[in-house]
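Report on one structure; see the data block that follows.
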Amino acid sequence: MNEGTTPGGLAHRLLGLNAWLLFLFFYAPIVLLIVFSFNDNNNVGIWTEASFRWYGEMFQDDRVMGALRNSLVVALFATIVSTVLGTMLAIALERYRFRGRGTLDGIAYLPIIIPDVTMAVMLLIFFFQAFGILDDLLGIHLTSGLMTITLAHIAFCISFVAVVVRARLSQLDSSLEEAAADLYANRWQAFRKVTLPLIAPGVAGGALLALTLSLDDVVVTQFVSGAGSTTLPVYVFGLVRRGVTPLINAVSTVMLVASMVLVAISLGFQRGAEARGQRLADPEALLEEFSTD
Amino acid sequence: MAVSEIPPTPPPGSSPLPPPGPPISKPETAAPVTPELEKASRRAEARRGLFIALPSFVYLVLLFVVPLLLVFVYSFATRDATGQTVLEGWNLDSYRRLFSAEVLEIFVRSFLLATVTTAICLALAYPFAFYIATRGPRMRNILLVLVMIPFWSNFLVRTYAWRVILGSEGPLSQISQALGGEPFRLLFTNVAVLIGLVYGFMPFMVLPLYAALERMDWRLVEAARDLYADGWTAFRKVTLPLSMPGVVAGSILVFIPSLGAYVTPALLGGARTVLMGDYIVSQFLAARNWPFGSALSFAVMFVMLVATIFYFRAGAKTL
């Protein structure tokens, strides 16, 4: 940065102070939670000694483990389906002109803008009504469960994947795809050999975002889950509302570390993409998308 | 440009060479491009686009547009004696109830809390984003990663951490008591919810602000300084207007989820601090009054829409 554009002296020091205080604000609660999860005491606030006691109890808790398994199954399916659908949506919106494109563009942004409580309400009524109709017309009895959770997660993940992949696509020079066509590659070959490798970092970024969103969701899941189909965040949410226990600290730390590993992987992708001389359509691009106008 | 009529289904085992079968794009077709051919090719292109978009289109209409309409329909429905929603006897009772004192109080509280959250986030995040954007490239990337990590971390867990911190047995309370003071009583108050909201949604403010500031042409600031503007004037007349898109985007991204927040008030708020998100959820999971809950959802969406449009207008004026 050139001299003269940045504030100097006192203003500069205040900016720095503000920044480091905010970082403290960001990280102190996280660090505290992790530290207290190793506290041996039954009481959350009283530190006795460091131990893995609560982690041991966590792994022996069938309900926690069952909820974790549900979370992973749902997240896996939701991520795969929403990544494929979201990528297709991004390609169609970014590379093609067709009737209804504007409408679709608007619909695709809705799940990002609408708050999750409203979305949860919408899907609760939808599944209730859909099950009623299926029962009346076809005599098929369906209830809420892992299937409805997965379907709901796909619904909001598609949009996020599409935004991330689109950001990547818009940075790409379409002349590369045209060159492939000039060299007698058919549509599919051009996609497989040219477009897909180029947007791969964006697709990976979108998939990781979908995975994170699915693993983190509480509100929508709570509304569309049935008896015996709790995911880990919903289970933890239920526990937390009743009070703070060291066991929740341990489970929370595991969830926190898992999401941090996902960030690390995502940033690793970015690094790798940059090493090949490319810019990744990372989560920042997602936010840039919002801030363009 | 010649466009072949090949459907986008994959040939199995695609090789880098064109398949030896009938030639797909004949060189002859590329030479004379008549208007009809061009029109046909555009139509084929449009069909292909629609075909690729179709699965997501259908999915989003089915699990998003239809549910949205259903909520709208439900908001006019009635309930039978057992509390079950019946889709007949359409009326405006649920909407009339929106103007009751109870609902208005909750709504005003939510609106104020969301506004204050947005204002605090903006006031803290702007200098923060400015600081990051004016670092060298290496430092900038490191700081940005440090912002992203909490952004990607589990929201529920981050909110839960504040419940531990603010709790009566938490570290703040212990410090207060060690200093001979009262045990800390912040949990289950509006202030606790405010802290939780600011903490939870701050990254949504930082990242668009940073994006706007980073994209900015800093030579304009230099030009202002060359023309004898002092640092503050240059900031006010150049930097701030140019970063307005980031301010608008960040404010919307914080305000909307704050207004509909459910997890934060559920964990940090108390019985006397019910917010809109909370209230909507209770209509569905506890009171089982779906028509009223639907009307509430629509009211919230409406306010959000109005706020967003208003804010975009205001932002556009300053650009």
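Scheme for the structure tokens: letters A, B, ... for chains in order shown; per-chain residue numbers from 1; ligand numbers from 1 in order shown.
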### Task
Please provide as an MDAnalysis selection string all residues within 10 Å of Arg97 in chain A, with the sequence filter that same-chain residues fewer than 4 positions apart are discarded (counting only C-alpha atoms).
(chainID A and resid 92:93 101:102) or (chainID B and resid 42:43 45:50)
### Message
Quick one: residues within 12 Å of Glu88 in chain B, only C-alpha atoms, excluding same-chain residues fewer than 4 positions away - as a ChimeraX atom specification?
### Response
/B:73-80,84,291
Preceding selection exported with N, CA, C and O atoms as a PDB file, in the first residue's frame:
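selection24.pdb, freshly written:
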```pdb
ATOM      1  N   VAL B  73     -51.112 -19.933   1.852  1.00  0.00           N
ATOM      2  CA  VAL B  73     -52.459 -20.502   1.943  1.00  0.00           C
ATOM      3  C   VAL B  73     -52.814 -20.784   3.408  1.00  0.00           C
ATOM      4  O   VAL B  73     -53.897 -20.438   3.874  1.00  0.00           O
ATOM      5  N   TYR B  74     -51.888 -21.390   4.129  1.00  0.00           N
ATOM      6  CA  TYR B  74     -52.133 -21.744   5.525  1.00  0.00           C
ATOM      7  C   TYR B  74     -52.432 -20.523   6.391  1.00  0.00           C
ATOM      8  O   TYR B  74     -53.153 -20.631   7.384  1.00  0.00           O
ATOM      9  N   SER B  75     -51.859 -19.384   6.031  1.00  0.00           N
ATOM     10  CA  SER B  75     -52.036 -18.207   6.878  1.00  0.00           C
ATOM     11  C   SER B  75     -53.487 -17.731   6.879  1.00  0.00           C
ATOM     12  O   SER B  75     -53.874 -16.937   7.725  1.00  0.00           O
ATOM     13  N   PHE B  76     -54.301 -18.220   5.929  1.00  0.00           N
ATOM     14  CA  PHE B  76     -55.721 -17.841   5.893  1.00  0.00           C
ATOM     15  C   PHE B  76     -56.624 -18.956   6.412  1.00  0.00           C
ATOM     16  O   PHE B  76     -57.843 -18.835   6.398  1.00  0.00           O
ATOM     17  N   ALA B  77     -56.035 -20.062   6.856  1.00  0.00           N
ATOM     18  CA  ALA B  77     -56.835 -21.225   7.247  1.00  0.00           C
ATOM     19  C   ALA B  77     -57.335 -21.096   8.688  1.00  0.00           C
ATOM     20  O   ALA B  77     -56.978 -20.162   9.403  1.00  0.00           O
ATOM     21  N   THR B  78     -58.168 -22.055   9.092  1.00  0.00           N
ATOM     22  CA  THR B  78     -58.676 -22.059  10.469  1.00  0.00           C
ATOM     23  C   THR B  78     -58.207 -23.322  11.181  1.00  0.00           C
ATOM     24  O   THR B  78     -57.589 -24.194  10.570  1.00  0.00           O
ATOM     25  N   ARG B  79     -58.522 -23.408  12.470  1.00  0.00           N
ATOM     26  CA  ARG B  79     -58.168 -24.607  13.231  1.00  0.00           C
ATOM     27  C   ARG B  79     -59.423 -25.240  13.785  1.00  0.00           C
ATOM     28  O   ARG B  79     -60.375 -24.543  14.152  1.00  0.00           O
ATOM     29  N   ASP B  80     -59.421 -26.582  13.865  1.00  0.00           N
ATOM     30  CA  ASP B  80     -60.579 -27.246  14.455  1.00  0.00           C
ATOM     31  C   ASP B  80     -60.416 -27.316  15.976  1.00  0.00           C
ATOM     32  O   ASP B  80     -59.459 -26.765  16.535  1.00  0.00           O
ATOM     33  N   GLN B  84     -55.978 -28.843  15.092  1.00  0.00           N
ATOM     34  CA  GLN B  84     -55.494 -29.195  13.749  1.00  0.00           C
ATOM     35  C   GLN B  84     -55.899 -28.112  12.754  1.00  0.00           C
ATOM     36  O   GLN B  84     -56.992 -27.570  12.823  1.00  0.00           O
ATOM     37  N   PRO B 291     -51.812 -21.647  11.282  1.00  0.00           N
ATOM     38  CA  PRO B 291     -52.213 -20.462  10.502  1.00  0.00           C
ATOM     39  C   PRO B 291     -51.561 -19.183  11.025  1.00  0.00           C
ATOM     40  O   PRO B 291     -51.055 -18.388  10.247  1.00  0.00           O
TER      41      PRO B 291
END
```
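CA of Trp218 in chain B sits 12.8 Å away from CA of Arg135 in chain B.
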### Task
Counting only C-alpha atoms, figure out which residue out of A:Val35, A:Ile265, A:Leu24, A:Val161 gets nearest to Gly206 in chain A.
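Using only C-alpha atoms, Gly206 in chain A sits closest to A:Val161.
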Close residues, Asn141 in chain B itself excluded, 12 Å, only C-alpha atoms, min 2 positions apart in chain, as an mmCIF file with all heavy atoms, in the first residue's frame:
```
data_model
loop_
_atom_site.group_PDB
_atom_site.id
_atom_site.type_symbol
_atom_site.label_atom_id
_atom_site.label_comp_id
_atom_site.auth_asym_id
_atom_site.auth_seq_id
_atom_site.Cartn_x
_atom_site.Cartn_y
_atom_site.Cartn_z
ATOM 1 N N LEU A 267 -9.232 -24.252 2.234
ATOM 2 C CA LEU A 267 -8.139 -23.320 1.963
ATOM 3 C C LEU A 267 -6.984 -24.024 1.274
ATOM 4 O O LEU A 267 -6.273 -23.430 0.471
ATOM 5 C CB LEU A 267 -7.684 -22.662 3.267
ATOM 6 C CG LEU A 267 -8.729 -21.744 3.904
ATOM 7 C CD1 LEU A 267 -8.303 -21.336 5.304
ATOM 8 C CD2 LEU A 267 -8.967 -20.517 3.048
ATOM 9 N N GLN A 270 -7.626 -24.000 -2.238
ATOM 10 C CA GLN A 270 -7.338 -22.675 -2.763
ATOM 11 C C GLN A 270 -5.856 -22.537 -3.060
ATOM 12 O O GLN A 270 -5.458 -22.103 -4.128
ATOM 13 C CB GLN A 270 -7.763 -21.633 -1.724
ATOM 14 C CG GLN A 270 -7.707 -20.226 -2.247
ATOM 15 C CD GLN A 270 -8.227 -19.240 -1.219
ATOM 16 O OE1 GLN A 270 -8.567 -19.617 -0.100
ATOM 17 N NE2 GLN A 270 -8.295 -17.996 -1.586
ATOM 18 N N ARG A 271 -5.041 -22.961 -2.091
ATOM 19 C CA ARG A 271 -3.596 -22.924 -2.245
ATOM 20 C C ARG A 271 -3.189 -23.697 -3.501
ATOM 21 O O ARG A 271 -2.430 -23.218 -4.324
ATOM 22 C CB ARG A 271 -2.982 -23.518 -0.992
ATOM 23 C CG ARG A 271 -1.555 -23.444 -0.708
ATOM 24 C CD ARG A 271 -0.907 -22.091 -0.565
ATOM 25 N NE ARG A 271 -1.337 -21.208 0.485
ATOM 26 C CZ ARG A 271 -0.904 -21.251 1.745
ATOM 27 N NH1 ARG A 271 -0.102 -22.189 2.138
ATOM 28 N NH2 ARG A 271 -1.289 -20.354 2.595
ATOM 29 N N GLU A 284 -15.146 -16.442 -0.208
ATOM 30 C CA GLU A 284 -15.101 -14.988 -0.323
ATOM 31 C C GLU A 284 -15.809 -14.548 -1.600
ATOM 32 O O GLU A 284 -16.483 -13.523 -1.628
ATOM 33 C CB GLU A 284 -13.648 -14.525 -0.327
ATOM 34 C CG GLU A 284 -13.523 -13.030 -0.161
ATOM 35 C CD GLU A 284 -12.246 -12.500 -0.743
ATOM 36 O OE1 GLU A 284 -11.273 -13.257 -0.862
ATOM 37 O OE2 GLU A 284 -12.250 -11.323 -1.122
ATOM 38 N N ILE B 132 -7.579 -4.682 7.493
ATOM 39 C CA ILE B 132 -7.125 -5.866 6.749
ATOM 40 C C ILE B 132 -6.804 -5.477 5.303
ATOM 41 O O ILE B 132 -5.782 -5.865 4.761
ATOM 42 C CB ILE B 132 -8.200 -6.970 6.767
ATOM 43 C CG1 ILE B 132 -8.466 -7.425 8.200
ATOM 44 C CG2 ILE B 132 -7.760 -8.169 5.929
ATOM 45 C CD1 ILE B 132 -9.546 -8.470 8.310
ATOM 46 N N ALA B 133 -7.693 -4.679 4.692
ATOM 47 C CA ALA B 133 -7.524 -4.346 3.269
ATOM 48 C C ALA B 133 -6.290 -3.502 3.020
ATOM 49 O O ALA B 133 -5.781 -3.446 1.903
ATOM 50 C CB ALA B 133 -8.776 -3.627 2.757
ATOM 51 N N THR B 134 -5.794 -2.809 4.060
ATOM 52 C CA THR B 134 -4.621 -1.960 3.844
ATOM 53 C C THR B 134 -3.321 -2.638 4.281
ATOM 54 O O THR B 134 -2.282 -1.988 4.330
ATOM 55 C CB THR B 134 -4.778 -0.620 4.608
ATOM 56 O OG1 THR B 134 -5.128 -0.901 5.967
ATOM 57 C CG2 THR B 134 -5.856 0.236 3.983
ATOM 58 N N ARG B 135 -3.379 -3.922 4.608
ATOM 59 C CA ARG B 135 -2.128 -4.651 4.898
ATOM 60 C C ARG B 135 -1.486 -5.102 3.589
ATOM 61 O O ARG B 135 -2.106 -5.047 2.533
ATOM 62 C CB ARG B 135 -2.382 -5.900 5.750
ATOM 63 C CG ARG B 135 -2.971 -5.728 7.126
ATOM 64 C CD ARG B 135 -2.184 -4.821 8.018
ATOM 65 N NE ARG B 135 -2.697 -3.471 7.896
ATOM 66 C CZ ARG B 135 -2.132 -2.387 8.392
ATOM 67 N NH1 ARG B 135 -0.980 -2.484 8.997
ATOM 68 N NH2 ARG B 135 -2.680 -1.205 8.267
ATOM 69 N N GLY B 136 -0.258 -5.599 3.696
ATOM 70 C CA GLY B 136 0.405 -6.177 2.521
ATOM 71 C C GLY B 136 -0.290 -7.474 2.127
ATOM 72 O O GLY B 136 -1.040 -8.025 2.920
ATOM 73 N N PRO B 137 -0.055 -7.958 0.907
ATOM 74 C CA PRO B 137 -0.786 -9.138 0.414
ATOM 75 C C PRO B 137 -0.665 -10.361 1.316
ATOM 76 O O PRO B 137 -1.645 -11.058 1.552
ATOM 77 C CB PRO B 137 -0.134 -9.419 -0.938
ATOM 78 C CG PRO B 137 0.625 -8.218 -1.293
ATOM 79 C CD PRO B 137 0.892 -7.428 -0.063
ATOM 80 N N ARG B 138 0.533 -10.605 1.851
ATOM 81 C CA ARG B 138 0.734 -11.801 2.681
ATOM 82 C C ARG B 138 -0.076 -11.717 3.964
ATOM 83 O O ARG B 138 -0.857 -12.600 4.306
ATOM 84 C CB ARG B 138 2.212 -11.938 3.046
ATOM 85 C CG ARG B 138 2.948 -12.993 2.273
ATOM 86 C CD ARG B 138 4.337 -13.180 2.870
ATOM 87 N NE ARG B 138 4.277 -13.998 4.081
ATOM 88 C CZ ARG B 138 4.312 -15.322 4.055
ATOM 89 N NH1 ARG B 138 4.402 -15.964 2.926
ATOM 90 N NH2 ARG B 138 4.257 -16.014 5.182
ATOM 91 N N MET B 139 0.092 -10.607 4.662
ATOM 92 C CA MET B 139 -0.596 -10.368 5.927
ATOM 93 C C MET B 139 -2.104 -10.389 5.704
ATOM 94 O O MET B 139 -2.855 -10.946 6.515
ATOM 95 C CB MET B 139 -0.164 -8.994 6.461
ATOM 96 C CG MET B 139 -0.639 -8.709 7.859
ATOM 97 S SD MET B 139 0.075 -9.856 9.050
ATOM 98 C CE MET B 139 -0.383 -9.080 10.574
ATOM 99 N N LEU B 143 -4.768 -12.723 7.714
ATOM 100 C CA LEU B 143 -5.858 -12.152 8.504
ATOM 101 C C LEU B 143 -7.218 -12.621 7.986
ATOM 102 O O LEU B 143 -8.127 -12.905 8.756
ATOM 103 C CB LEU B 143 -5.788 -10.621 8.479
ATOM 104 C CG LEU B 143 -4.587 -10.000 9.184
ATOM 105 C CD1 LEU B 143 -4.632 -8.489 9.094
ATOM 106 C CD2 LEU B 143 -4.524 -10.431 10.636
ATOM 107 N N LEU B 144 -7.310 -12.710 6.670
ATOM 108 C CA LEU B 144 -8.577 -13.129 6.074
ATOM 109 C C LEU B 144 -8.925 -14.560 6.484
ATOM 110 O O LEU B 144 -10.070 -14.863 6.814
ATOM 111 C CB LEU B 144 -8.479 -13.022 4.556
ATOM 112 C CG LEU B 144 -9.784 -12.769 3.839
ATOM 113 C CD1 LEU B 144 -10.462 -11.527 4.378
ATOM 114 C CD2 LEU B 144 -9.548 -12.635 2.351
ATOM 115 N N VAL B 145 -7.908 -15.423 6.478
ATOM 116 C CA VAL B 145 -8.120 -16.808 6.914
ATOM 117 C C VAL B 145 -8.593 -16.816 8.359
ATOM 118 O O VAL B 145 -9.514 -17.551 8.727
ATOM 119 C CB VAL B 145 -6.822 -17.630 6.755
ATOM 120 C CG1 VAL B 145 -6.949 -18.971 7.460
ATOM 121 C CG2 VAL B 145 -6.516 -17.839 5.286
ATOM 122 N N LEU B 146 -8.000 -15.945 9.182
ATOM 123 C CA LEU B 146 -8.385 -15.880 10.598
ATOM 124 C C LEU B 146 -9.835 -15.420 10.769
ATOM 125 O O LEU B 146 -10.493 -15.763 11.747
ATOM 126 C CB LEU B 146 -7.455 -14.932 11.361
ATOM 127 C CG LEU B 146 -6.063 -15.469 11.650
ATOM 128 C CD1 LEU B 146 -5.204 -14.420 12.327
ATOM 129 C CD2 LEU B 146 -6.129 -16.719 12.525
ATOM 130 N N VAL B 147 -10.338 -14.633 9.815
ATOM 131 C CA VAL B 147 -11.747 -14.229 9.872
ATOM 132 C C VAL B 147 -12.645 -15.373 9.401
ATOM 133 O O VAL B 147 -13.723 -15.605 9.928
ATOM 134 C CB VAL B 147 -12.007 -12.977 9.004
ATOM 135 C CG1 VAL B 147 -13.479 -12.597 9.040
ATOM 136 C CG2 VAL B 147 -11.167 -11.823 9.477
ATOM 137 N N MET B 148 -12.156 -16.091 8.370
ATOM 138 C CA MET B 148 -12.971 -17.155 7.767
ATOM 139 C C MET B 148 -13.215 -18.310 8.725
ATOM 140 O O MET B 148 -14.271 -18.931 8.675
ATOM 141 C CB MET B 148 -12.257 -17.730 6.538
ATOM 142 C CG MET B 148 -12.020 -16.720 5.473
ATOM 143 S SD MET B 148 -13.485 -16.450 4.553
ATOM 144 C CE MET B 148 -12.995 -17.230 3.055
ATOM 145 N N TYR B 210 -14.774 -6.022 3.350
ATOM 146 C CA TYR B 210 -13.406 -6.263 2.899
ATOM 147 C C TYR B 210 -13.357 -6.361 1.372
ATOM 148 O O TYR B 210 -12.498 -5.759 0.724
ATOM 149 C CB TYR B 210 -12.860 -7.555 3.517
ATOM 150 C CG TYR B 210 -11.565 -7.983 2.886
ATOM 151 C CD1 TYR B 210 -10.366 -7.371 3.242
ATOM 152 C CD2 TYR B 210 -11.536 -8.961 1.899
ATOM 153 C CE1 TYR B 210 -9.192 -7.728 2.633
ATOM 154 C CE2 TYR B 210 -10.365 -9.322 1.292
ATOM 155 C CZ TYR B 210 -9.188 -8.706 1.660
ATOM 156 O OH TYR B 210 -8.022 -9.056 1.039
ATOM 157 N N GLU B 214 -11.167 -3.921 -0.817
ATOM 158 C CA GLU B 214 -10.018 -4.490 -1.503
ATOM 159 C C GLU B 214 -10.086 -4.204 -3.001
ATOM 160 O O GLU B 214 -9.083 -3.999 -3.659
ATOM 161 C CB GLU B 214 -9.965 -6.002 -1.241
ATOM 162 C CG GLU B 214 -8.640 -6.624 -1.531
ATOM 163 C CD GLU B 214 -8.700 -7.611 -2.681
ATOM 164 O OE1 GLU B 214 -9.757 -7.681 -3.354
ATOM 165 O OE2 GLU B 214 -7.714 -8.279 -2.916
#
```
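Between CA of Met122 in chain A and CA of Ser225 in chain A lies a distance of 13.8 Å.
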From the DSSP assignment of the backbone, select every residue of range 28-263 of chain A that is helix (DSSP H, G or I), and format the answer as a CSV table (one decimal) with C-alpha atoms, in the first residue's frame.
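Below is the file that was written, result27.csv:
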```csv
chain,number,residue,atom,x,y,z
A,28,ALA,CA,-11.7,-16.2,23.0
A,29,PRO,CA,-15.0,-18.0,23.3
A,30,ILE,CA,-13.8,-20.8,21.0
A,31,VAL,CA,-10.6,-21.3,22.9
A,32,LEU,CA,-12.4,-21.2,26.2
A,33,LEU,CA,-14.9,-23.9,25.1
A,34,ILE,CA,-12.1,-26.2,23.9
A,35,VAL,CA,-10.1,-25.7,27.1
A,36,PHE,CA,-13.1,-26.4,29.3
A,37,SER,CA,-13.9,-29.6,27.4
A,53,ARG,CA,-13.1,-38.0,30.6
A,54,TRP,CA,-15.9,-36.3,28.7
A,55,TYR,CA,-14.6,-37.5,25.4
A,56,GLY,CA,-14.6,-41.0,26.7
A,57,GLU,CA,-18.2,-40.6,27.9
A,58,MET,CA,-19.1,-39.0,24.5
A,59,PHE,CA,-18.0,-42.1,22.6
A,60,GLN,CA,-19.9,-44.3,24.9
A,62,ASP,CA,-25.3,-44.2,22.1
A,63,ARG,CA,-27.6,-41.2,21.5
A,64,VAL,CA,-24.6,-38.9,20.6
A,65,MET,CA,-23.1,-41.6,18.4
A,66,GLY,CA,-26.4,-42.3,16.7
A,67,ALA,CA,-27.1,-38.6,16.1
A,68,LEU,CA,-23.5,-38.3,14.7
A,69,ARG,CA,-24.1,-41.2,12.3
A,70,ASN,CA,-27.4,-39.6,11.1
A,71,SER,CA,-25.6,-36.3,10.6
A,72,LEU,CA,-22.9,-37.9,8.5
A,73,VAL,CA,-25.4,-39.9,6.3
A,74,VAL,CA,-27.5,-36.9,5.7
A,75,ALA,CA,-24.6,-34.6,5.0
A,76,LEU,CA,-23.0,-37.1,2.6
A,77,PHE,CA,-26.2,-37.5,0.4
A,78,ALA,CA,-27.1,-33.8,0.6
A,79,THR,CA,-23.6,-32.8,-0.5
A,80,ILE,CA,-23.4,-35.2,-3.4
A,81,VAL,CA,-26.8,-34.3,-4.8
A,82,SER,CA,-26.6,-30.6,-4.2
A,83,THR,CA,-23.1,-30.4,-5.7
A,84,VAL,CA,-24.3,-32.0,-8.9
A,85,LEU,CA,-27.5,-30.1,-9.2
A,86,GLY,CA,-25.9,-26.8,-8.1
A,87,THR,CA,-23.1,-27.1,-10.6
A,88,MET,CA,-25.6,-27.8,-13.4
A,89,LEU,CA,-27.6,-24.8,-12.3
A,90,ALA,CA,-24.5,-22.6,-12.3
A,91,ILE,CA,-23.5,-23.7,-15.8
A,92,ALA,CA,-27.0,-23.2,-17.2
A,93,LEU,CA,-27.4,-19.7,-15.6
A,94,GLU,CA,-23.9,-18.6,-16.6
A,95,ARG,CA,-23.4,-20.1,-20.0
A,101,ARG,CA,-33.7,-17.9,-17.0
A,102,GLY,CA,-34.4,-14.7,-15.1
A,103,THR,CA,-37.1,-16.4,-13.0
A,104,LEU,CA,-34.8,-19.3,-12.2
A,105,ASP,CA,-32.0,-16.8,-11.3
A,106,GLY,CA,-34.4,-15.2,-8.7
A,107,ILE,CA,-35.6,-18.5,-7.3
A,108,ALA,CA,-32.0,-19.7,-7.0
A,109,TYR,CA,-31.2,-16.8,-4.7
A,110,LEU,CA,-34.2,-17.1,-2.4
A,111,PRO,CA,-32.9,-19.9,-0.2
A,112,ILE,CA,-29.8,-17.7,0.6
A,113,ILE,CA,-31.9,-14.7,1.5
A,116,ASP,CA,-33.9,-20.4,8.2
A,117,VAL,CA,-36.9,-20.1,10.5
A,118,THR,CA,-39.2,-19.3,7.6
A,119,MET,CA,-37.6,-22.0,5.5
A,120,ALA,CA,-38.2,-24.5,8.3
A,121,VAL,CA,-41.8,-23.5,8.5
A,122,MET,CA,-42.2,-23.8,4.8
A,123,LEU,CA,-40.8,-27.2,4.6
A,124,LEU,CA,-42.7,-28.5,7.6
A,125,ILE,CA,-46.0,-27.6,6.0
A,126,PHE,CA,-44.8,-28.9,2.7
A,127,PHE,CA,-43.9,-32.3,3.9
A,128,PHE,CA,-47.0,-32.5,6.1
A,129,GLN,CA,-49.2,-31.7,3.1
A,130,ALA,CA,-47.2,-33.9,0.6
A,131,PHE,CA,-47.5,-36.9,3.0
A,132,GLY,CA,-51.2,-36.3,3.3
A,133,ILE,CA,-51.7,-36.3,-0.4
A,134,LEU,CA,-49.5,-39.4,-1.0
A,135,ASP,CA,-51.5,-41.2,1.7
A,136,ASP,CA,-54.8,-40.2,0.2
A,137,LEU,CA,-54.0,-40.9,-3.4
A,138,LEU,CA,-51.6,-43.8,-3.4
A,146,LEU,CA,-33.6,-38.9,7.5
A,147,MET,CA,-35.2,-38.7,4.0
A,148,THR,CA,-37.0,-35.5,4.7
A,149,ILE,CA,-34.0,-34.0,6.4
A,150,THR,CA,-31.8,-34.9,3.4
A,151,LEU,CA,-34.4,-33.5,0.9
A,152,ALA,CA,-34.6,-30.2,2.9
A,153,HIS,CA,-30.8,-29.9,3.1
A,154,ILE,CA,-30.4,-30.4,-0.6
A,155,ALA,CA,-33.0,-27.6,-1.1
A,156,PHE,CA,-30.9,-24.9,0.6
A,157,CYS,CA,-27.5,-26.3,-0.4
A,158,ILE,CA,-28.2,-26.1,-4.2
A,159,SER,CA,-28.2,-22.4,-4.1
A,160,PHE,CA,-25.0,-22.0,-2.2
A,161,VAL,CA,-23.2,-24.4,-4.5
A,162,ALA,CA,-24.6,-22.6,-7.6
A,163,VAL,CA,-23.3,-19.2,-6.3
A,164,VAL,CA,-19.8,-20.5,-5.6
A,165,VAL,CA,-19.5,-22.4,-8.9
A,166,ARG,CA,-21.0,-19.4,-10.8
A,167,ALA,CA,-18.4,-17.1,-9.4
A,168,ARG,CA,-15.7,-19.4,-10.7
A,169,LEU,CA,-17.4,-19.8,-14.1
A,170,SER,CA,-17.7,-16.1,-14.6
A,171,GLN,CA,-14.0,-15.7,-14.1
A,175,SER,CA,-12.8,-19.0,-25.5
A,176,LEU,CA,-11.1,-22.1,-24.0
A,177,GLU,CA,-14.4,-24.0,-24.4
A,178,GLU,CA,-14.8,-22.7,-27.9
A,179,ALA,CA,-11.3,-23.7,-28.7
A,180,ALA,CA,-12.2,-27.3,-27.6
A,181,ALA,CA,-15.2,-27.2,-29.9
A,182,ASP,CA,-13.1,-26.0,-32.8
A,187,ARG,CA,-20.2,-31.0,-25.9
A,188,TRP,CA,-19.5,-33.6,-23.3
A,189,GLN,CA,-15.8,-33.9,-24.1
A,190,ALA,CA,-15.4,-30.1,-23.9
A,191,PHE,CA,-17.1,-30.2,-20.6
A,192,ARG,CA,-15.1,-33.1,-19.2
A,193,LYS,CA,-11.7,-32.1,-20.5
A,194,VAL,CA,-11.9,-28.3,-20.4
A,195,THR,CA,-14.7,-26.8,-18.3
A,196,LEU,CA,-14.8,-29.3,-15.4
A,197,PRO,CA,-11.0,-29.2,-14.6
A,198,LEU,CA,-11.1,-25.4,-14.7
A,199,ILE,CA,-14.1,-25.1,-12.4
A,200,ALA,CA,-13.1,-27.9,-10.2
A,201,PRO,CA,-11.8,-25.7,-7.4
A,202,GLY,CA,-15.2,-23.9,-7.4
A,203,VAL,CA,-17.1,-27.2,-7.4
A,204,ALA,CA,-14.9,-28.4,-4.5
A,205,GLY,CA,-15.5,-25.1,-2.7
A,206,GLY,CA,-19.2,-25.4,-3.2
A,207,ALA,CA,-19.3,-29.0,-2.1
A,208,LEU,CA,-17.4,-28.1,1.1
A,209,LEU,CA,-19.8,-25.3,1.8
A,210,ALA,CA,-22.8,-27.6,1.3
A,211,LEU,CA,-21.2,-30.2,3.6
A,212,THR,CA,-20.6,-27.5,6.3
A,213,LEU,CA,-24.1,-26.1,6.0
A,214,SER,CA,-25.6,-29.6,6.2
A,215,LEU,CA,-23.5,-30.6,9.2
A,216,ASP,CA,-24.4,-27.3,11.0
A,219,VAL,CA,-33.5,-25.0,12.7
A,220,VAL,CA,-34.6,-26.6,9.4
A,221,THR,CA,-33.6,-30.0,10.6
A,222,GLN,CA,-35.5,-29.7,13.8
A,223,PHE,CA,-38.7,-29.0,11.9
A,224,VAL,CA,-38.4,-31.8,9.4
A,232,LEU,CA,-26.0,-34.1,16.1
A,233,PRO,CA,-26.7,-30.3,16.1
A,234,VAL,CA,-30.4,-30.9,16.9
A,235,TYR,CA,-29.5,-33.3,19.7
A,236,VAL,CA,-27.0,-30.9,21.1
A,237,PHE,CA,-29.4,-28.0,20.8
A,238,GLY,CA,-32.0,-29.9,22.8
A,239,LEU,CA,-29.4,-30.7,25.5
A,240,VAL,CA,-28.1,-27.1,25.7
A,241,ARG,CA,-31.6,-25.7,26.2
A,242,ARG,CA,-31.8,-27.8,29.3
A,246,PRO,CA,-19.2,-30.8,30.3
A,247,LEU,CA,-20.4,-33.5,27.9
A,248,ILE,CA,-21.8,-30.8,25.6
A,249,ASN,CA,-18.4,-29.0,25.8
A,250,ALA,CA,-16.7,-32.2,24.5
A,251,VAL,CA,-19.3,-32.8,21.7
A,252,SER,CA,-19.1,-29.1,20.8
A,253,THR,CA,-15.4,-29.2,20.6
A,254,VAL,CA,-15.5,-32.1,18.2
A,255,MET,CA,-18.1,-30.3,16.0
A,256,LEU,CA,-15.9,-27.2,16.1
A,257,VAL,CA,-12.7,-29.0,15.2
A,258,ALA,CA,-14.6,-30.8,12.4
A,259,SER,CA,-15.7,-27.5,10.8
A,260,MET,CA,-12.2,-26.1,11.2
A,261,VAL,CA,-10.7,-29.1,9.4
A,262,LEU,CA,-13.2,-28.5,6.6
A,263,VAL,CA,-12.0,-24.8,6.4
```
